[in-house]
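**Student:** Below is the file entry_8.txt, with compact mmCIF, C-alpha atoms and all ligand atoms.
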# COMPACT_ATOMS: atom_id res chain seq x y z
CA MET A 20 19.62 312.17 59.28
CA THR A 21 22.37 314.47 57.95
CA VAL A 22 25.93 313.28 58.40
CA LEU A 23 27.82 316.21 59.92
CA LYS A 24 30.64 317.65 57.85
CA LEU A 25 32.55 320.21 59.89
CA PRO A 26 35.84 321.90 58.97
CA SER A 27 38.75 320.11 60.65
CA VAL A 28 39.47 323.06 63.02
CA TYR A 29 36.50 321.95 65.12
CA LYS A 30 36.59 319.13 67.68
CA LEU A 31 32.97 318.14 68.17
CA ILE A 32 31.49 317.00 71.49
CA GLU A 33 27.88 315.94 70.99
CA LEU A 34 25.44 315.76 73.91
CA GLU A 35 21.82 314.58 73.97
CA SER A 36 21.01 317.01 76.78
CA CYS A 37 22.77 319.27 79.25
CA GLY A 38 22.06 322.27 81.48
CA SER A 39 23.86 324.81 79.33
CA THR A 40 26.45 324.18 76.62
CA ASN A 41 28.20 327.38 77.79
CA GLU A 42 28.53 325.86 81.26
CA GLU A 43 29.78 322.53 79.85
CA ALA A 44 32.28 324.41 77.70
CA ARG A 45 33.48 326.49 80.67
CA LYS A 46 34.09 323.35 82.76
CA LEU A 47 36.07 321.75 79.93
CA ALA A 48 37.97 324.92 79.03
CA ILE A 49 39.45 325.26 82.52
CA LEU A 50 40.78 321.68 82.28
CA GLY A 51 43.30 323.01 79.77
CA GLU A 52 44.19 323.60 76.16
CA GLN A 53 45.82 320.23 75.66
CA ASN A 54 42.57 318.29 75.96
CA TYR A 55 40.17 321.04 74.95
CA PRO A 56 41.90 323.26 72.40
CA ASN A 57 40.67 326.27 70.49
CA GLY A 58 37.79 325.07 68.29
CA THR A 59 36.29 322.56 70.75
CA LEU A 60 32.59 322.67 69.90
CA ILE A 61 29.96 321.45 72.35
CA TRP A 62 26.61 320.77 70.70
CA ALA A 63 23.51 319.71 72.66
CA LYS A 64 20.13 318.63 71.28
CA GLU A 65 18.41 320.35 74.22
CA GLN A 66 19.34 322.39 77.28
CA THR A 67 17.60 322.32 80.65
CA ALA A 68 19.13 325.57 81.95
CA GLY A 69 19.96 327.52 78.79
CA ARG A 70 21.07 331.03 79.53
CA GLY A 71 20.67 334.24 77.59
CA ARG A 72 22.17 337.69 77.94
CA ARG A 73 21.54 339.78 81.03
CA GLY A 74 20.75 336.75 83.21
CA ARG A 75 17.76 335.73 81.11
CA VAL A 76 16.64 332.17 80.48
CA TRP A 77 17.11 330.83 76.93
CA ASP A 78 14.27 328.45 76.11
CA SER A 79 15.96 325.31 74.84
CA PRO A 80 13.59 322.53 73.77
CA GLU A 81 14.71 319.86 71.28
CA GLY A 82 14.51 321.08 67.69
CA ASN A 83 16.80 324.11 67.85
CA LEU A 84 20.55 324.62 67.66
CA TYR A 85 22.51 325.05 70.90
CA LEU A 86 26.27 325.17 70.67
CA SER A 87 29.26 326.60 72.48
CA LEU A 88 32.75 327.02 71.13
CA ILE A 89 35.85 327.07 73.29
CA LEU A 90 38.06 329.77 71.81
CA ARG A 91 41.58 330.62 72.94
CA PRO A 92 42.48 333.84 71.11
CA ASP A 93 45.81 335.38 72.06
CA VAL A 94 44.38 338.87 72.55
CA SER A 95 43.19 341.03 75.46
CA LEU A 96 39.75 340.44 76.93
CA ARG A 97 38.55 343.73 75.44
CA LYS A 98 39.58 342.61 71.96
CA ALA A 99 38.20 339.11 72.51
CA SER A 100 34.77 340.66 73.07
CA GLN A 101 34.79 341.54 69.35
CA LEU A 102 34.19 337.83 68.74
CA SER A 103 30.46 338.35 69.34
CA PHE A 104 30.37 340.58 66.23
CA VAL A 105 32.36 337.96 64.32
CA ALA A 106 29.77 335.36 65.35
CA ALA A 107 26.87 337.64 64.38
CA LEU A 108 28.31 338.00 60.86
CA ALA A 109 28.80 334.25 60.67
CA LEU A 110 25.19 333.67 61.68
CA PHE A 111 24.02 336.23 59.16
CA ASP A 112 25.83 334.44 56.32
CA ALA A 113 24.79 331.01 57.53
CA LEU A 114 21.12 331.99 57.69
CA GLU A 115 21.32 333.72 54.35
CA ASN A 116 22.60 330.47 52.85
CA ILE A 117 19.88 328.32 54.36
CA SER A 118 16.83 330.59 54.65
CA GLU A 119 14.13 331.35 52.12
CA PRO A 120 15.35 333.65 49.29
CA GLY A 121 13.97 337.16 49.73
CA HIS A 122 13.69 336.88 53.50
CA GLN A 123 15.19 339.80 55.34
CA ILE A 124 18.01 339.05 57.77
CA LYS A 125 19.36 341.86 59.95
CA LEU A 126 21.73 342.28 62.88
CA LYS A 127 20.57 344.04 66.03
CA TRP A 128 23.09 345.51 68.44
CA PRO A 129 24.80 344.09 70.33
CA ASN A 130 24.51 340.67 68.76
CA ASP A 131 21.04 339.41 67.93
CA VAL A 132 20.10 338.08 64.54
CA LEU A 133 16.67 338.96 63.18
CA LEU A 134 14.66 337.21 60.50
CA GLN A 135 11.74 339.19 59.12
CA ASP A 136 12.30 341.67 62.02
CA LYS A 137 11.98 338.98 64.70
CA LYS A 138 14.74 337.42 66.77
CA VAL A 139 15.87 334.07 65.38
CA ALA A 140 19.30 333.70 66.99
CA GLY A 141 21.30 334.97 69.95
CA ILE A 142 24.93 334.97 71.05
CA LEU A 143 26.36 334.77 74.55
CA LEU A 144 30.09 335.38 75.00
CA GLU A 145 31.54 334.49 78.39
CA SER A 146 35.07 334.51 79.79
CA GLN A 147 37.10 334.63 82.97
CA ALA A 148 35.82 337.67 84.81
CA ASP A 149 39.07 339.21 85.95
CA SER A 150 41.55 338.54 83.20
CA LYS A 151 43.27 341.72 81.98
CA GLU A 152 45.76 340.01 79.70
CA ALA A 153 44.78 337.44 77.08
CA PRO A 154 42.09 335.25 78.66
CA ALA A 155 42.92 331.53 78.74
CA TRP A 156 39.52 330.85 77.23
CA VAL A 157 36.45 332.52 75.83
CA ILE A 158 33.17 330.67 75.42
CA LEU A 159 31.06 331.63 72.45
CA GLY A 160 27.51 330.37 72.86
CA VAL A 161 25.08 330.38 69.95
CA GLY A 162 21.40 329.55 69.90
CA VAL A 163 19.34 329.40 66.71
CA ASN A 164 15.57 328.88 66.67
CA VAL A 165 15.26 326.25 63.96
CA THR A 166 11.81 324.79 64.66
CA ARG A 167 10.74 326.31 68.00
CA PHE A 168 10.62 329.83 69.41
CA PRO A 169 9.41 331.43 72.63
CA LYS A 170 6.10 333.30 72.59
CA ASN A 171 5.39 336.38 74.68
CA THR A 172 8.91 337.82 74.56
CA VAL A 173 9.28 341.61 74.85
CA PHE A 174 11.04 341.65 71.49
CA PRO A 175 9.21 339.27 69.09
CA SER A 176 10.86 335.96 68.21
CA THR A 177 10.58 333.52 65.34
CA SER A 178 12.13 330.33 63.99
CA LEU A 179 13.35 329.22 60.58
CA SER A 180 10.41 326.85 60.19
CA GLU A 181 7.91 329.53 61.26
CA GLU A 182 9.22 331.58 58.31
CA ASN A 183 8.67 328.62 55.99
CA ARG A 184 12.19 327.30 55.96
CA SER A 185 12.45 323.66 56.91
CA VAL A 186 16.11 322.93 57.51
CA SER A 187 17.62 320.53 59.99
CA VAL A 188 19.57 321.52 63.09
CA GLU A 189 22.56 319.70 61.56
CA THR A 190 22.43 321.81 58.37
CA THR A 191 22.21 324.96 60.49
CA LEU A 192 25.19 323.87 62.59
CA GLN A 193 27.29 323.13 59.51
CA ALA A 194 26.42 326.43 57.87
CA PHE A 195 27.36 328.35 61.03
CA ALA A 196 30.60 326.42 61.59
CA ARG A 197 31.77 327.08 58.04
CA SER A 198 31.00 330.78 58.01
CA PHE A 199 32.38 331.30 61.52
CA GLN A 200 35.68 329.84 60.38
CA ARG A 201 35.77 332.33 57.48
CA TRP A 202 34.89 335.40 59.57
CA ALA A 203 37.21 334.38 62.42
CA ASN A 204 40.09 334.10 59.93
CA SER A 205 39.19 337.52 58.54
CA TRP A 206 39.18 339.00 62.08
CA ALA A 207 42.54 337.39 62.91
CA GLN A 208 44.12 338.62 59.67
CA ASP A 209 42.54 342.04 59.10
CA GLY A 210 41.36 343.07 62.57
CA PHE A 211 38.08 344.53 63.78
CA GLU A 212 37.61 347.37 61.29
CA LYS A 213 36.47 345.06 58.47
CA ILE A 214 34.14 343.25 60.88
CA ARG A 215 32.74 346.58 62.12
CA LEU A 216 32.02 347.82 58.58
CA ASN A 217 30.42 344.55 57.51
CA TRP A 218 28.34 344.47 60.68
CA LEU A 219 27.12 348.04 60.06
CA GLU A 220 26.10 347.12 56.49
CA ARG A 221 23.77 344.46 57.92
CA ALA A 222 22.51 346.44 60.93
CA LEU A 223 18.88 347.24 61.58
CA GLY A 224 18.02 350.83 62.41
CA LEU A 225 21.28 352.60 61.62
CA GLY A 226 20.60 356.36 61.40
CA GLN A 227 17.19 355.87 62.99
CA LYS A 228 15.59 356.78 66.28
CA ILE A 229 16.08 354.13 68.97
CA GLU A 230 15.60 353.66 72.66
CA VAL A 231 18.30 351.93 74.70
CA ASN A 232 17.45 350.48 78.08
CA LEU A 233 20.48 350.60 80.37
CA GLU A 234 20.59 349.17 83.92
CA THR A 235 18.93 352.18 85.49
CA VAL A 236 18.03 354.65 82.72
CA THR A 237 16.60 354.67 79.23
CA LEU A 238 18.20 356.83 76.54
CA GLU A 239 16.51 357.91 73.33
CA GLY A 240 18.40 359.18 70.31
CA ILE A 241 19.75 358.39 66.87
CA PHE A 242 21.69 355.15 66.31
CA LYS A 243 24.78 356.71 64.73
CA ASP A 244 27.50 354.08 64.66
CA ILE A 245 29.37 351.39 66.50
CA ASP A 246 32.85 352.41 67.56
CA LYS A 247 36.19 350.62 67.25
CA HIS A 248 35.43 348.64 70.43
CA GLY A 249 31.90 347.65 69.42
CA ALA A 250 30.12 350.21 71.65
CA LEU A 251 26.89 351.66 70.26
CA VAL A 252 27.20 355.38 69.48
CA LEU A 253 23.95 357.16 70.27
CA ASP A 254 23.37 360.79 69.32
CA LYS A 255 21.09 362.36 71.90
CA ASP A 256 20.32 365.97 71.06
CA GLY A 257 23.79 366.50 69.60
CA THR A 258 25.66 364.72 72.42
CA GLU A 259 27.31 361.37 71.72
CA HIS A 260 26.82 358.54 74.21
CA ARG A 261 28.87 355.35 73.92
CA ILE A 262 26.93 352.40 75.21
CA THR A 263 28.62 349.10 76.02
CA ALA A 264 25.62 347.15 77.35
CA GLY A 265 21.90 347.66 76.92
CA GLU A 266 18.74 346.59 75.16
CA VAL A 267 17.77 348.37 71.93
CA TYR A 268 14.21 349.09 70.81
CA PHE A 269 13.31 350.72 67.52
CA LEU A 270 10.96 353.68 67.62
CA ASN A 271 8.66 354.69 64.81
CA ASN A 272 10.67 357.14 62.75
C1 LIG B 301 20.74 335.97 73.99
O1 LIG B 301 20.22 336.29 75.06
O2 LIG B 301 20.37 336.45 72.93
C2 LIG B 301 21.87 334.97 73.97
C3 LIG B 301 21.36 333.57 73.84
C4 LIG B 301 22.46 332.53 73.78
C5 LIG B 301 21.90 331.13 73.84
C6 LIG B 301 22.94 330.09 73.61
S1 LIG B 301 22.26 328.49 73.37
C7 LIG B 301 23.83 327.78 73.49
C8 LIG B 301 24.57 328.50 74.58
N1 LIG B 301 24.30 327.91 75.87
C9 LIG B 301 23.60 328.73 76.67
O3 LIG B 301 23.23 328.46 77.82
N2 LIG B 301 23.38 329.89 76.04
C10 LIG B 301 23.97 329.90 74.72
Have the structure of the file written as structure tokens, please.

**Tutor:**
Amino acid sequence: MTVLKLPSVYKLIELESCGSTNEEARKLAILGEQNYPNGTLIWAKEQTAGRGRRGRVWDSPEGNLYLSLILRPDVSLRKASQLSFVAALALFDALENISEPGHQIKLKWPNDVLLQDKKVAGILLESQADSKEAPAWVILGVGVNVTRFPKNTVFPSTSLSEENRSVSVETTLQAFARSFQRWANSWAQDGFEKIRLNWLERALGLGQKIEVNLETVTLEGIFKDIDKHGALVLDKDGTEHRITAGEVYFLNN
């Protein structure tokens, strides 16, 4: 068993099992900064009600990484939402450090991480719904498929071990925690532009034809950019659409 070595900014709460680490983190975050400061990290070996984006279930058997960070950034809610891109870069670096050399890692908008073109990790950022000023807390949830992955998903999934990389959940957690600290410092010091450019460098499908499923419609066009707020810029027959929430699929180009 690996002894965990986390940077001192994190206060670790380790759970054998819980419903959702995001839910645990939310309950603790509202109890206040004094007891649960920025950097409180809730890590569970399994979740019984893991949640994904857009109300989906996140399969959470033992063997994968499930963590949520309580963050208390002193910025508006809109700016705080940039933290999902910060986390995606941190996951990218972490997986690059621990996955098989030569394996392709890519980021998929808004914040999925792909290994060999299949989803290996996801990010779920949650906050107080109605806060216009700086939110008192933001919960950053991260799930990484280390040894298990769901079959029959619309977008294919994989795990580190499926791609021949046998690393422990602990090693994955450490690698993420270290690189998140680096990227979060970069974001705090240099702002979103550096994050945006680095994210674009690692993006799958930039300049290519994509389909984006929105709540009620599907748009097809060229994936042109992400803007200064993190919205996807889609060029549809010469008209730019800025998309803040949706599901991206890559079309044969
Ligand atoms: C996605 O749909 O891609 C986001 C998945 C986020 C899953 C993680 S696992 C830890 C944390 N707790 C949850 O219930 N969800 C997030």

**Student:** Skip Leu233 of chain A itself and residues of its chain fewer than 2 positions away, then list as a compact mmCIF listing (two decimals) with C-alpha atoms, in the frame of the given file all residues within 9 Å of it, counting only C-alpha atoms.

**Tutor:**
# COMPACT_ATOMS: atom_id res chain seq x y z
CA VAL A 231 18.30 351.93 74.70
CA THR A 235 18.93 352.18 85.49
CA VAL A 236 18.03 354.65 82.72
CA THR A 237 16.60 354.67 79.23
CA LEU A 238 18.20 356.83 76.54
CA ILE A 262 26.93 352.40 75.21
CA ALA A 264 25.62 347.15 77.35
CA GLY A 265 21.90 347.66 76.92
CA GLU A 266 18.74 346.59 75.16

**Student:** Enumerate as a PyMOL selection string the residues within 8 Å of ligand LIG 301 (chain B), counting only C-alpha atoms and all ligand atoms.

**Tutor:** chain A and resi 38-42+66+68-73+75-77+79+84-87+130-131+140-143+159-163

**Student:** Do you have the atom CA of Gly82 of chain A-atom CA of Trp218 of chain A distance handy?

**Tutor:**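 For atom CA of Gly82 of chain A relative to atom CA of Trp218 of chain A, the distance reads 28.1 Å.
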
**Student:** Using all atoms listed in the file, find the one residue out of A:Leu88, A:Ala207, A:Leu223, A:Leu134 that sits nearest to Glu115 of chain A.

**Tutor:** A:Leu134

**Student:** So, counting only C-alpha atoms, which residue among A:Glu181, A:Lys138, A:Thr67, A:Val132 is closest to Glu119 of chain A?

**Tutor:**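 Using only C-alpha atoms, the shortest distance to Glu119 of chain A belongs to A:Glu181.
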
**Student:** Quick one: which segment 175-217 of chain A residues come within 12 Å of segment 124-128 of chain A, and what is the nearest atom pair for each with the distance in Å to one decimal, counting all atoms listed in the file, rows ordered by chain and ascending number, as a Markdown table?

**Tutor:**
| residue | atom | partner | partner_atom | distance |
| --- | --- | --- | --- | --- |
| A:Thr177 | CA | A:Ile124 | CA | 12.0 |
| A:Leu179 | CA | A:Ile124 | CA | 11.2 |
| A:Glu182 | CA | A:Ile124 | CA | 11.5 |
| A:Arg215 | CA | A:Trp128 | CA | 11.6 |
| A:Asn217 | CA | A:Leu126 | CA | 10.5 |

**Student:** Ranking A:Glu81, A:Glu33, A:Glu212, A:Asp136 by minimum distance to Arg167 of chain A and counting only C-alpha atoms, which one comes first?

**Tutor:**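 Answer, going by the shortest atom-to-atom distance: A:Glu81.
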
**Student:** Find the distance between atom CA of Ala222 of chain A and atom CA of His260 of chain A and write it in Å to one decimal.

**Tutor:**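 These two atoms are separated by 18.5 Å.
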
**Student:** Can you work out the spacing between atom CA of Asn116 of chain A and atom CA of Gly224 of chain A in Å, to one decimal?

**Tutor:**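 Between these atoms lies a distance of 23.0 Å.
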
**Student:** Of the candidates A:Val186, A:Ala194, A:Val139, A:Ile117, which one gets nearest to Pro169 of chain A if we count all atoms listed in the file?

**Tutor:**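 Closest residue, counting all atoms listed in the file: A:Val139.
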